[in-house]
$ cat run.cif   # mmCIF, C-alpha atoms
data_coords
#
loop_
_atom_site.label_atom_id
_atom_site.label_comp_id
_atom_site.auth_asym_id
_atom_site.auth_seq_id
_atom_site.Cartn_x
_atom_site.Cartn_y
_atom_site.Cartn_z
CA MET K 1 -3.18 9.08 -24.57
CA LEU K 2 -2.52 8.84 -20.86
CA THR K 3 -4.04 11.39 -18.52
CA THR K 4 -3.75 9.73 -15.10
CA ILE K 5 -1.07 7.84 -13.21
CA ILE K 6 -2.22 5.75 -10.25
CA PHE K 7 0.24 4.57 -7.60
CA ASP K 8 0.11 1.88 -4.99
CA ILE K 9 1.87 3.09 -1.83
CA GLY K 10 3.60 0.17 -0.05
CA ASN K 11 6.88 -0.75 -1.74
CA VAL K 12 6.21 1.82 -4.46
CA LEU K 13 6.05 5.30 -2.89
CA ALA K 14 7.06 4.13 0.61
CA ASP K 15 8.79 1.08 2.04
CA PHE K 16 6.57 -1.52 3.68
CA GLY K 17 9.41 -3.01 5.69
CA TRP K 18 7.60 -5.42 7.97
CA LYS K 19 10.51 -7.89 8.04
CA GLU K 20 12.97 -5.25 9.19
CA TYR K 21 10.44 -3.94 11.69
CA PHE K 22 9.87 -7.40 13.18
CA GLU K 23 13.61 -8.09 13.31
CA SER K 24 14.20 -4.87 15.25
CA PHE K 25 12.61 -6.54 18.30
CA HIS K 26 15.36 -9.19 18.31
CA PHE K 27 13.06 -12.13 18.93
CA PRO K 28 14.48 -15.58 18.06
CA LYS K 29 14.08 -16.51 14.40
CA ASP K 30 11.52 -19.21 15.06
CA ILE K 31 9.41 -16.75 17.06
CA LEU K 32 9.67 -14.15 14.28
CA SER K 33 8.49 -16.71 11.76
CA ARG K 34 5.49 -17.60 13.90
CA ILE K 35 4.62 -13.94 14.48
CA ALA K 36 4.74 -13.28 10.74
CA LYS K 37 2.43 -16.23 10.05
CA ALA K 38 0.02 -15.00 12.73
CA THR K 39 -0.03 -11.41 11.50
CA VAL K 40 1.18 -10.01 8.19
CA LEU K 41 1.18 -13.38 6.37
CA SER K 42 -2.25 -14.42 7.64
CA PRO K 43 -5.64 -13.78 6.01
CA ALA K 44 -6.42 -11.63 9.07
CA TRP K 45 -4.03 -8.98 7.71
CA ASN K 46 -6.56 -8.15 4.98
CA ASP K 47 -8.98 -7.26 7.77
CA PHE K 48 -6.34 -4.84 9.04
CA ASP K 49 -6.36 -3.04 5.67
CA ARG K 50 -10.11 -3.41 5.18
CA GLY K 51 -10.89 -1.27 8.20
CA ALA K 52 -13.98 -3.25 9.14
CA LYS K 53 -12.81 -4.02 12.69
CA THR K 54 -11.38 -2.09 15.61
CA ASP K 55 -7.65 -2.29 16.32
CA GLU K 56 -8.33 -4.47 19.36
CA GLU K 57 -10.48 -6.87 17.32
CA LEU K 58 -7.72 -7.11 14.73
CA ILE K 59 -5.00 -7.75 17.29
CA ASN K 60 -7.18 -10.40 18.93
CA GLY K 61 -7.54 -12.01 15.50
CA PHE K 62 -3.75 -12.23 15.21
CA ILE K 63 -3.48 -13.65 18.73
CA ILE K 64 -6.02 -16.36 17.93
CA ASN K 65 -3.63 -17.53 15.20
CA ASP K 66 -0.90 -18.19 17.80
CA PRO K 67 -2.11 -17.61 21.39
CA GLU K 68 1.26 -18.41 22.96
CA LEU K 69 2.70 -15.29 21.35
CA GLU K 70 0.15 -12.79 22.67
CA PRO K 71 2.76 -10.63 24.51
CA GLN K 72 5.01 -10.41 21.45
CA ILE K 73 2.13 -9.69 19.07
CA ARG K 74 0.82 -6.94 21.33
CA GLN K 75 4.30 -5.45 21.57
CA LEU K 76 4.69 -5.41 17.78
CA CYS K 77 1.25 -3.91 17.22
CA GLU K 78 1.46 -1.24 19.90
CA ASN K 79 2.82 1.30 17.43
CA VAL K 80 3.69 0.40 13.82
CA HIS K 81 5.49 3.67 13.05
CA ASP K 82 8.69 1.99 11.88
CA MET K 83 6.95 -0.54 9.66
CA ILE K 84 6.49 2.01 6.86
CA THR K 85 9.31 4.37 5.95
CA LYS K 86 9.90 7.14 3.45
CA ARG K 87 11.24 6.83 -0.05
CA GLU K 88 12.90 10.14 -0.77
CA TYR K 89 12.02 10.07 -4.46
CA ALA K 90 8.25 10.06 -3.85
CA ILE K 91 7.54 13.81 -3.74
CA PRO K 92 9.95 14.82 -6.54
CA TRP K 93 8.56 12.07 -8.78
CA ILE K 94 4.96 13.06 -8.13
CA LEU K 95 5.73 16.72 -8.82
CA GLU K 96 7.60 15.81 -12.00
CA LEU K 97 4.63 13.86 -13.33
CA LYS K 98 2.22 16.64 -12.42
CA GLN K 99 4.42 19.17 -14.18
CA LYS K 100 4.13 16.98 -17.26
CA GLY K 101 0.37 17.45 -17.02
CA TYR K 102 -0.69 14.14 -15.52
CA ARG K 103 -3.19 13.67 -12.75
CA VAL K 104 -1.56 11.58 -10.00
CA LEU K 105 -3.68 9.39 -7.70
CA TYR K 106 -3.10 6.62 -5.17
CA LEU K 107 -4.88 3.32 -4.60
CA SER K 108 -3.47 1.35 -1.70
CA ASN K 109 -4.33 -1.33 0.81
CA PHE K 110 -3.70 0.59 4.01
CA SER K 111 -4.99 0.49 7.56
CA HIS K 112 -6.18 3.45 9.59
CA LYS K 113 -3.66 2.59 12.29
CA ALA K 114 -0.80 2.71 9.78
CA GLU K 115 -2.04 5.99 8.31
CA ILE K 116 -2.07 7.61 11.75
CA GLU K 117 1.18 6.17 13.07
CA CYS K 118 3.21 6.42 9.84
CA GLN K 119 2.22 9.92 8.76
CA ASP K 120 5.79 11.06 8.23
CA ALA K 121 6.25 8.31 5.62
CA LEU K 122 3.13 9.52 3.82
CA ASP K 123 4.24 13.13 3.40
CA PHE K 124 3.74 12.84 -0.37
CA ILE K 125 -0.06 12.45 -0.15
CA PRO K 126 -0.82 16.22 -0.02
CA PHE K 127 1.03 16.60 -3.33
CA MET K 128 -1.24 14.10 -5.08
CA ASP K 129 -4.61 14.74 -6.69
CA GLY K 130 -6.49 12.31 -4.49
CA GLY K 131 -6.96 8.60 -4.12
CA ILE K 132 -8.28 5.79 -1.96
CA LEU K 133 -6.88 4.00 1.08
CA SER K 134 -8.58 0.64 1.46
CA TYR K 135 -9.73 1.06 5.05
CA GLN K 136 -11.75 4.13 4.04
CA GLU K 137 -13.92 2.07 1.70
CA LYS K 138 -13.96 -1.27 3.57
CA LEU K 139 -12.57 -2.82 0.38
CA VAL K 140 -9.13 -4.20 -0.51
CA LYS K 141 -7.25 -4.85 -3.72
CA PRO K 142 -7.57 -6.93 -5.82
CA GLU K 143 -11.34 -6.81 -5.24
CA PRO K 144 -12.84 -5.20 -8.37
CA GLU K 145 -15.10 -2.95 -6.34
CA ILE K 146 -12.22 -0.82 -5.06
CA TYR K 147 -11.03 -0.10 -8.61
CA GLN K 148 -14.58 0.73 -9.66
CA ARG K 149 -14.87 3.09 -6.70
CA LEU K 150 -11.72 4.95 -7.80
CA ILE K 151 -12.90 5.15 -11.41
CA GLU K 152 -16.27 6.56 -10.43
CA ARG K 153 -14.99 8.97 -7.80
CA TYR K 154 -12.45 10.60 -10.12
CA ASP K 155 -14.34 10.19 -13.41
CA LEU K 156 -11.50 8.13 -14.83
CA ILE K 157 -11.35 6.75 -18.35
CA PRO K 158 -9.50 3.48 -17.66
CA LYS K 159 -7.71 3.31 -21.00
CA GLU K 160 -6.18 6.72 -20.17
CA CYS K 161 -4.77 5.44 -16.86
CA VAL K 162 -1.62 3.55 -15.92
CA PHE K 163 -1.55 1.74 -12.59
CA LEU K 164 1.69 0.92 -10.76
CA ASP K 165 1.65 -1.78 -8.07
CA ASP K 166 4.27 -4.20 -6.75
CA ARG K 167 1.81 -7.12 -6.78
CA MET K 168 0.89 -8.81 -10.03
CA ASP K 169 -2.60 -9.80 -8.85
CA ASN K 170 -3.42 -6.16 -8.15
CA CYS K 171 -2.16 -5.18 -11.60
CA GLU K 172 -4.19 -7.92 -13.25
CA ALA K 173 -7.33 -6.68 -11.52
CA ALA K 174 -6.71 -3.14 -12.82
CA ALA K 175 -6.05 -4.45 -16.33
CA LYS K 176 -9.51 -6.04 -16.37
CA PHE K 177 -10.93 -2.52 -16.26
CA GLY K 178 -8.82 -1.54 -19.26
CA MET K 179 -6.03 0.22 -17.39
CA LYS K 180 -2.44 -0.05 -18.49
CA THR K 181 -0.35 -1.57 -15.71
CA ILE K 182 3.24 -1.69 -14.52
CA CYS K 183 4.29 -4.31 -11.98
CA PHE K 184 6.64 -2.16 -9.92
CA THR K 185 10.15 -3.23 -8.96
CA THR K 186 12.16 0.02 -8.97
CA LYS K 187 11.55 3.61 -9.95
CA GLU K 188 14.12 3.29 -12.73
CA ALA K 189 12.42 0.24 -14.22
CA ALA K 190 9.01 1.94 -13.93
CA ILE K 191 10.28 4.98 -15.84
CA GLU K 192 11.48 2.68 -18.63
CA GLU K 193 7.97 1.21 -18.78
CA LEU K 194 6.39 4.67 -18.71
CA LYS K 195 8.49 5.61 -21.73
CA LYS K 196 6.46 3.08 -23.72
CA TYR K 197 3.42 5.24 -23.02
CA HIS K 198 5.30 8.44 -23.91
CA VAL K 199 5.25 9.75 -20.35
CA TYR K 200 9.01 10.32 -20.69
#

$ encode --input "run.cif" --output "structure tokens"
Amino acid sequence: MLTTIIFDIGNVLADFGWKEYFESFHFPKDILSRIAKATVLSPAWNDFDRGAKTDEELINGFIINDPELEPQIRQLCENVHDMITKREYAIPWILELKQKGYRVLYLSNFSHKAEIECQDALDFIPFMDGGILSYQEKLVKPEPEIYQRLIERYDLIPKECVFLDDRMDNCEAAAKFGMKTICFTTKEAAIEELKKYHVY
């Protein structure tokens, strides 16, 4: 029997539209590609979500990856408000699941900067029963410690949980704890998967 539904946030409850955000600056395509490699596609991005460094240290880490693009990288990182945008179904879906009697939590790789600057896209969080943003714990998925932290904090029984994430490696890490998992593509597809667990 399921008691708890755990959501990732980016590309599940909100859009993590970094490509669209980068393109909005109208840099040449080759520059956009280099910026992406220096930032969101680089290992340094995990440090962004881990919360172990200041914003300036993180930005400097991106710049080190491609020093010629320092002005562009600083411009992109000045305010990331438009990088994460709302999905209108988030609050109604959360409320629907809670009305069915499920506890609804979140477990997401998320930076403090993004939490502050993208608050309007995270308007669903007050409707949830709690959760963990990676920067708060200095841990990131798929590190097992962040799943263990969630389990302990909310007294979860893993076999009674289903975890929805758009990345297979994050789902596989949750499955190792005994959680049921759904690799998220769309809400409609996720509901079909949840039917297998008699949520619908």

$ residues_around --input "run.cif" --residues "Asp15 in chain K" --least-positions-apart "3" --cutoff "12 Å" --atoms "only C-alpha atoms" --output "list in words"
Asp8, Ile9, Gly10, Asn11, Val12, Trp18, Lys19, Glu20, Tyr21, His81, Asp82, Met83, Ile84, Thr85, Lys86, Arg87, Glu88, Tyr89, Ala90, Cys118, Ala121, Leu122, Asp166, Thr185 and Thr186 of chain K

$ atom_distance --input "run.cif" --atom1 "CA of Pro158 in chain K" --atom2 "CA of Gly178 in chain K"
5.3 Å

$ resolve_selection --input "run.cif" --expression "the PyMOL selection byres ((chain K and resi 37) around 12)" --output "NGL selection string"
:K and (19 or 22 or 30-36 or 38-45 or 62-66 or 69 or 73)

$ resolve_selection --input "run.cif" --expression "the PyMOL selection byres ((chain K and resi 156) around 12)" --output "list of chain:residue names"
K:Leu2, K:Thr3, K:Thr4, K:Ile5, K:Ile6, K:Arg103, K:Val104, K:Leu105, K:Gly131, K:Tyr147, K:Gln148, K:Arg149, K:Leu150, K:Ile151, K:Glu152, K:Arg153, K:Tyr154, K:Asp155, K:Ile157, K:Pro158, K:Lys159, K:Glu160, K:Cys161, K:Val162, K:Phe177, K:Gly178, K:Met179

$ resolve_selection --input "run.cif" --expression "the PyMOL selection byres ((chain K and resi 184) around 10)" --output "PDB file with C-alpha atoms, in the frame of the given file"
ATOM      1  CA  PHE K   7       0.240   4.570  -7.600  1.00  0.00           C
ATOM      2  CA  ASP K   8       0.110   1.880  -4.990  1.00  0.00           C
ATOM      3  CA  ASN K  11       6.880  -0.750  -1.740  1.00  0.00           C
ATOM      4  CA  VAL K  12       6.210   1.820  -4.460  1.00  0.00           C
ATOM      5  CA  PHE K 163      -1.550   1.740 -12.590  1.00  0.00           C
ATOM      6  CA  LEU K 164       1.690   0.920 -10.760  1.00  0.00           C
ATOM      7  CA  ASP K 165       1.650  -1.780  -8.070  1.00  0.00           C
ATOM      8  CA  ASP K 166       4.270  -4.200  -6.750  1.00  0.00           C
ATOM      9  CA  ARG K 167       1.810  -7.120  -6.780  1.00  0.00           C
ATOM     10  CA  MET K 168       0.890  -8.810 -10.030  1.00  0.00           C
ATOM     11  CA  CYS K 171      -2.160  -5.180 -11.600  1.00  0.00           C
ATOM     12  CA  THR K 181      -0.350  -1.570 -15.710  1.00  0.00           C
ATOM     13  CA  ILE K 182       3.240  -1.690 -14.520  1.00  0.00           C
ATOM     14  CA  CYS K 183       4.290  -4.310 -11.980  1.00  0.00           C
ATOM     15  CA  THR K 185      10.150  -3.230  -8.960  1.00  0.00           C
ATOM     16  CA  THR K 186      12.160   0.020  -8.970  1.00  0.00           C
ATOM     17  CA  LYS K 187      11.550   3.610  -9.950  1.00  0.00           C
ATOM     18  CA  GLU K 188      14.120   3.290 -12.730  1.00  0.00           C
ATOM     19  CA  ALA K 189      12.420   0.240 -14.220  1.00  0.00           C
ATOM     20  CA  ALA K 190       9.010   1.940 -13.930  1.00  0.00           C
ATOM     21  CA  ILE K 191      10.280   4.980 -15.840  1.00  0.00           C
ATOM     22  CA  GLU K 193       7.970   1.210 -18.780  1.00  0.00           C
TER      23      GLU K 193
END

$ atom_distance --input "run.cif" --atom1 "CA of Pro28 in chain K" --atom2 "CA of Ala114 in chain K"
25.2 Å

$ axis_aligned_box --input "run.cif" --around "range 92-110 of chain K" --padding-each-side "5 Å" --output "AutoDock Vina command-line options"
--center_x 2.5 --center_y 8.9 --center_z -6.6 --size_x 24.8 --size_y 30.5 --size_z 31.3

$ atom_distance --input "run.cif" --atom1 "CA of Leu95 in chain K" --atom2 "CA of Met128 in chain K"
8.3 Å

$ decode --input "run.cif" --residues "range 84-129 of chain K" --atoms "N, CA and C atoms" --output "PDB file, in the first residue's frame"
ATOM      1  N   ILE K  84      13.289  28.969 -14.501  1.00  0.00           N
ATOM      2  CA  ILE K  84      12.307  28.018 -13.958  1.00  0.00           C
ATOM      3  C   ILE K  84      10.936  28.672 -14.003  1.00  0.00           C
ATOM      4  N   THR K  85       9.988  27.989 -14.626  1.00  0.00           N
ATOM      5  CA  THR K  85       8.655  28.554 -14.812  1.00  0.00           C
ATOM      6  C   THR K  85       7.581  27.579 -14.345  1.00  0.00           C
ATOM      7  N   LYS K  86       6.411  28.122 -14.109  1.00  0.00           N
ATOM      8  CA  LYS K  86       5.309  27.368 -13.517  1.00  0.00           C
ATOM      9  C   LYS K  86       4.756  26.313 -14.472  1.00  0.00           C
ATOM     10  N   ARG K  87       4.290  25.228 -13.883  1.00  0.00           N
ATOM     11  CA  ARG K  87       3.396  24.299 -14.562  1.00  0.00           C
ATOM     12  C   ARG K  87       2.055  24.401 -13.835  1.00  0.00           C
ATOM     13  N   GLU K  88       1.047  24.799 -14.567  1.00  0.00           N
ATOM     14  CA  GLU K  88      -0.228  25.130 -13.938  1.00  0.00           C
ATOM     15  C   GLU K  88      -0.887  23.937 -13.252  1.00  0.00           C
ATOM     16  N   TYR K  89      -0.507  22.732 -13.642  1.00  0.00           N
ATOM     17  CA  TYR K  89      -1.152  21.568 -13.032  1.00  0.00           C
ATOM     18  C   TYR K  89      -0.601  21.227 -11.649  1.00  0.00           C
ATOM     19  N   ALA K  90       0.493  21.854 -11.237  1.00  0.00           N
ATOM     20  CA  ALA K  90       1.185  21.420 -10.020  1.00  0.00           C
ATOM     21  C   ALA K  90       0.283  21.458  -8.788  1.00  0.00           C
ATOM     22  N   ILE K  91      -0.292  22.619  -8.485  1.00  0.00           N
ATOM     23  CA  ILE K  91      -1.110  22.735  -7.263  1.00  0.00           C
ATOM     24  C   ILE K  91      -2.350  21.846  -7.331  1.00  0.00           C
ATOM     25  N   PRO K  92      -3.130  21.874  -8.425  1.00  0.00           N
ATOM     26  CA  PRO K  92      -4.301  20.980  -8.458  1.00  0.00           C
ATOM     27  C   PRO K  92      -3.936  19.503  -8.303  1.00  0.00           C
ATOM     28  N   TRP K  93      -2.814  19.092  -8.890  1.00  0.00           N
ATOM     29  CA  TRP K  93      -2.416  17.690  -8.783  1.00  0.00           C
ATOM     30  C   TRP K  93      -2.029  17.332  -7.357  1.00  0.00           C
ATOM     31  N   ILE K  94      -1.266  18.200  -6.726  1.00  0.00           N
ATOM     32  CA  ILE K  94      -0.881  17.969  -5.327  1.00  0.00           C
ATOM     33  C   ILE K  94      -2.117  17.879  -4.436  1.00  0.00           C
ATOM     34  N   LEU K  95      -3.047  18.807  -4.607  1.00  0.00           N
ATOM     35  CA  LEU K  95      -4.259  18.799  -3.783  1.00  0.00           C
ATOM     36  C   LEU K  95      -5.090  17.547  -4.043  1.00  0.00           C
ATOM     37  N   GLU K  96      -5.146  17.119  -5.285  1.00  0.00           N
ATOM     38  CA  GLU K  96      -5.896  15.907  -5.625  1.00  0.00           C
ATOM     39  C   GLU K  96      -5.314  14.697  -4.910  1.00  0.00           C
ATOM     40  N   LEU K  97      -3.998  14.580  -4.922  1.00  0.00           N
ATOM     41  CA  LEU K  97      -3.347  13.443  -4.267  1.00  0.00           C
ATOM     42  C   LEU K  97      -3.530  13.492  -2.755  1.00  0.00           C
ATOM     43  N   LYS K  98      -3.471  14.690  -2.191  1.00  0.00           N
ATOM     44  CA  LYS K  98      -3.677  14.823  -0.750  1.00  0.00           C
ATOM     45  C   LYS K  98      -5.119  14.475  -0.366  1.00  0.00           C
ATOM     46  N   GLN K  99      -6.053  14.870  -1.208  1.00  0.00           N
ATOM     47  CA  GLN K  99      -7.453  14.528  -0.950  1.00  0.00           C
ATOM     48  C   GLN K  99      -7.687  13.025  -0.992  1.00  0.00           C
ATOM     49  N   LYS K 100      -6.839  12.326  -1.738  1.00  0.00           N
ATOM     50  CA  LYS K 100      -6.915  10.869  -1.795  1.00  0.00           C
ATOM     51  C   LYS K 100      -6.267  10.226  -0.570  1.00  0.00           C
ATOM     52  N   GLY K 101      -5.642  11.058   0.271  1.00  0.00           N
ATOM     53  CA  GLY K 101      -5.077  10.557   1.512  1.00  0.00           C
ATOM     54  C   GLY K 101      -3.582  10.331   1.501  1.00  0.00           C
ATOM     55  N   TYR K 102      -2.908  10.762   0.439  1.00  0.00           N
ATOM     56  CA  TYR K 102      -1.468  10.554   0.353  1.00  0.00           C
ATOM     57  C   TYR K 102      -0.700  11.734   0.937  1.00  0.00           C
ATOM     58  N   ARG K 103       0.411  11.410   1.551  1.00  0.00           N
ATOM     59  CA  ARG K 103       1.358  12.458   1.929  1.00  0.00           C
ATOM     60  C   ARG K 103       2.183  12.792   0.687  1.00  0.00           C
ATOM     61  N   VAL K 104       2.397  14.087   0.434  1.00  0.00           N
ATOM     62  CA  VAL K 104       3.077  14.523  -0.784  1.00  0.00           C
ATOM     63  C   VAL K 104       4.315  15.325  -0.398  1.00  0.00           C
ATOM     64  N   LEU K 105       5.491  14.831  -0.817  1.00  0.00           N
ATOM     65  CA  LEU K 105       6.769  15.452  -0.487  1.00  0.00           C
ATOM     66  C   LEU K 105       7.530  15.799  -1.757  1.00  0.00           C
ATOM     67  N   TYR K 106       8.600  16.585  -1.604  1.00  0.00           N
ATOM     68  CA  TYR K 106       9.478  16.884  -2.731  1.00  0.00           C
ATOM     69  C   TYR K 106      10.919  16.532  -2.365  1.00  0.00           C
ATOM     70  N   LEU K 107      11.673  16.147  -3.380  1.00  0.00           N
ATOM     71  CA  LEU K 107      13.102  15.890  -3.244  1.00  0.00           C
ATOM     72  C   LEU K 107      13.748  16.347  -4.536  1.00  0.00           C
ATOM     73  N   SER K 108      14.467  17.476  -4.475  1.00  0.00           N
ATOM     74  CA  SER K 108      14.911  18.103  -5.717  1.00  0.00           C
ATOM     75  C   SER K 108      16.308  18.692  -5.583  1.00  0.00           C
ATOM     76  N   ASN K 109      17.098  18.534  -6.647  1.00  0.00           N
ATOM     77  CA  ASN K 109      18.347  19.278  -6.746  1.00  0.00           C
ATOM     78  C   ASN K 109      17.992  20.721  -7.099  1.00  0.00           C
ATOM     79  N   PHE K 110      18.322  21.635  -6.194  1.00  0.00           N
ATOM     80  CA  PHE K 110      17.862  23.012  -6.341  1.00  0.00           C
ATOM     81  C   PHE K 110      18.810  23.923  -5.591  1.00  0.00           C
ATOM     82  N   SER K 111      19.171  25.031  -6.219  1.00  0.00           N
ATOM     83  CA  SER K 111      20.074  25.987  -5.582  1.00  0.00           C
ATOM     84  C   SER K 111      19.298  27.015  -4.767  1.00  0.00           C
ATOM     85  N   HIS K 112      19.997  27.627  -3.820  1.00  0.00           N
ATOM     86  CA  HIS K 112      19.383  28.685  -3.022  1.00  0.00           C
ATOM     87  C   HIS K 112      19.039  29.880  -3.903  1.00  0.00           C
ATOM     88  N   LYS K 113      19.924  30.188  -4.836  1.00  0.00           N
ATOM     89  CA  LYS K 113      19.681  31.317  -5.742  1.00  0.00           C
ATOM     90  C   LYS K 113      18.399  31.090  -6.537  1.00  0.00           C
ATOM     91  N   ALA K 114      18.218  29.884  -7.049  1.00  0.00           N
ATOM     92  CA  ALA K 114      17.010  29.587  -7.828  1.00  0.00           C
ATOM     93  C   ALA K 114      15.764  29.626  -6.951  1.00  0.00           C
ATOM     94  N   GLU K 115      15.883  29.154  -5.711  1.00  0.00           N
ATOM     95  CA  GLU K 115      14.718  29.190  -4.817  1.00  0.00           C
ATOM     96  C   GLU K 115      14.279  30.634  -4.573  1.00  0.00           C
ATOM     97  N   ILE K 116      15.235  31.518  -4.364  1.00  0.00           N
ATOM     98  CA  ILE K 116      14.919  32.914  -4.067  1.00  0.00           C
ATOM     99  C   ILE K 116      14.375  33.628  -5.302  1.00  0.00           C
ATOM    100  N   GLU K 117      15.027  33.427  -6.437  1.00  0.00           N
ATOM    101  CA  GLU K 117      14.692  34.209  -7.626  1.00  0.00           C
ATOM    102  C   GLU K 117      13.556  33.609  -8.456  1.00  0.00           C
ATOM    103  N   CYS K 118      13.168  32.379  -8.159  1.00  0.00           N
ATOM    104  CA  CYS K 118      12.094  31.715  -8.923  1.00  0.00           C
ATOM    105  C   CYS K 118      10.922  31.346  -8.020  1.00  0.00           C
ATOM    106  N   GLN K 119      10.689  32.144  -6.989  1.00  0.00           N
ATOM    107  CA  GLN K 119       9.658  31.799  -6.013  1.00  0.00           C
ATOM    108  C   GLN K 119       8.277  31.653  -6.628  1.00  0.00           C
ATOM    109  N   ASP K 120       7.958  32.463  -7.634  1.00  0.00           N
ATOM    110  CA  ASP K 120       6.627  32.383  -8.214  1.00  0.00           C
ATOM    111  C   ASP K 120       6.400  31.055  -8.919  1.00  0.00           C
ATOM    112  N   ALA K 121       7.465  30.404  -9.378  1.00  0.00           N
ATOM    113  CA  ALA K 121       7.342  29.095 -10.020  1.00  0.00           C
ATOM    114  C   ALA K 121       7.236  27.968  -9.001  1.00  0.00           C
ATOM    115  N   LEU K 122       7.510  28.299  -7.741  1.00  0.00           N
ATOM    116  CA  LEU K 122       7.478  27.298  -6.664  1.00  0.00           C
ATOM    117  C   LEU K 122       6.276  27.505  -5.750  1.00  0.00           C
ATOM    118  N   ASP K 123       5.215  28.086  -6.289  1.00  0.00           N
ATOM    119  CA  ASP K 123       4.059  28.415  -5.447  1.00  0.00           C
ATOM    120  C   ASP K 123       3.327  27.192  -4.924  1.00  0.00           C
ATOM    121  N   PHE K 124       3.686  26.010  -5.410  1.00  0.00           N
ATOM    122  CA  PHE K 124       3.047  24.770  -4.963  1.00  0.00           C
ATOM    123  C   PHE K 124       3.642  24.249  -3.653  1.00  0.00           C
ATOM    124  N   ILE K 125       4.841  24.699  -3.284  1.00  0.00           N
ATOM    125  CA  ILE K 125       5.527  24.125  -2.127  1.00  0.00           C
ATOM    126  C   ILE K 125       4.707  24.241  -0.833  1.00  0.00           C
ATOM    127  N   PRO K 126       4.042  25.386  -0.564  1.00  0.00           N
ATOM    128  CA  PRO K 126       3.254  25.454   0.677  1.00  0.00           C
ATOM    129  C   PRO K 126       2.119  24.440   0.749  1.00  0.00           C
ATOM    130  N   PHE K 127       1.707  23.882  -0.381  1.00  0.00           N
ATOM    131  CA  PHE K 127       0.626  22.907  -0.394  1.00  0.00           C
ATOM    132  C   PHE K 127       1.124  21.485  -0.144  1.00  0.00           C
ATOM    133  N   MET K 128       2.443  21.309  -0.097  1.00  0.00           N
ATOM    134  CA  MET K 128       3.016  19.991   0.108  1.00  0.00           C
ATOM    135  C   MET K 128       3.274  19.744   1.591  1.00  0.00           C
ATOM    136  N   ASP K 129       3.613  18.505   1.911  1.00  0.00           N
ATOM    137  CA  ASP K 129       3.786  18.124   3.313  1.00  0.00           C
ATOM    138  C   ASP K 129       5.237  18.182   3.759  1.00  0.00           C
TER     139      ASP K 129
END
